[in-house]
Every structure is written in C-alpha cells, then in structure tokens.
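Heads up: the structure comes next, in structure tokens.
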Amino acid sequence: MTRLLTICRWCVSDGVPRRSFIVALIVGAILNLINQGDALFGSGQLNFIKLILTFAVPYCVATYGAVSFRLSLSRHAEMGDEGHSLEEREPGFLRAINGER
C-alpha cells in the first residue's frame, strides 16, 4: 500500500501534471489533426470520444514515463547506487546510440 501511495503522490507532484498536460496538448492536437482532419476542416462528423481519448492517452503515457523513471531512481537509491550519475545508469543501447562504449 505504501508503494501505491508513493506512486499516486508522484503522479501529482513536482511538475509532473504540468509537463504531462503540455505533452498531451501538443501530441493530442497533432493526432486529432491526423485522425479527424476531415471532421475539423471538412464535412465529416466530429467524434467527441476520440477527441477526448486523443488527449487523455498522451497525458497518461507522459505521467507513466515520469513515475516509472522516479521508481527506477528510487530503486537504485535503495540498492546503494546513489553515487552513480544518470548517464552511468543509462541502458547500454542508449550509450551506443550516443556514440559511447
């Protein structure tokens, strides 16, 4: 239960809702233009359920990403890895993409 409360607290703290909202506005607007462009600019009928979901899904994904990152940092701190930088914790394939070995 404590972990669930921590996750819920992280969902609504430290700028996570604001960043997720901005991501949802940008991504949702682009997806709505792609998926419902004919309804927005033409004669098609606007589907309000799709409209709402197109903004809600990016918000949830951005929030999930932020919370899972914090959980990962928390897990590393509990295991005694707090001395390592973020770059050292980066997965190997990301280091390879960035040109490091």
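Chain lettering (A, B, ...) mirrors the order of the structure tokens, residue numbering begins at 1 for each chain separately, and ligand numbering begins at 1 in order of display.
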
If you count only C-alpha atoms, which residues fall within 9 Å of range 32-35 of chain A, apart from same-chain ones fewer than 5 positions away, as a count of residues only?
6

Give me the residues near Gly65 in chain A as a PyMOL selection string, where near means some atom within 12 Å (using only C-alpha atoms) and where sequence neighbours in that chain fewer than 6 positions away do not count.
chain A and resi 7+10-11+16-17+19-20+23+58-59+71-72

d(CA of Tyr64 in chain A, CA of Phe48 in chain A) in Å
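For CA of Tyr64 in chain A relative to CA of Phe48 in chain A, the distance reads 24.2 Å.
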
Please measure the separation of CA of Val67 in chain A and CA of Arg18 in chain A, giving the value in Å to one decimal.
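Spanning CA of Val67 in chain A to CA of Arg18 in chain A is a straight-line distance of 13.5 Å.
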
I'd like to know which of A:Cys8, A:Met79, A:Leu46, A:Ile22 is closest to Ala62 in chain A, using only C-alpha atoms.
A:Ile22

Could you jot down the CA of Val12 in chain A to CA of Leu31 in chain A separation for me, Å, one decimal place?
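Pair CA of Val12 in chain A / CA of Leu31 in chain A returns 25.0 Å.
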
For Gln36 in chain A, which residue out of A:Ile49, A:Gly80, A:Arg3, A:Ser13 is the nearest one, using only C-alpha atoms?
A:Ile49

Proximity to Ile52 in chain A - best of A:Glu78, A:Ser68, A:Gly28, A:Leu73, only C-alpha atoms
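Of A:Glu78, A:Ser68, A:Gly28, A:Leu73, the one nearest Ile52 in chain A is A:Gly28, counting only C-alpha atoms.
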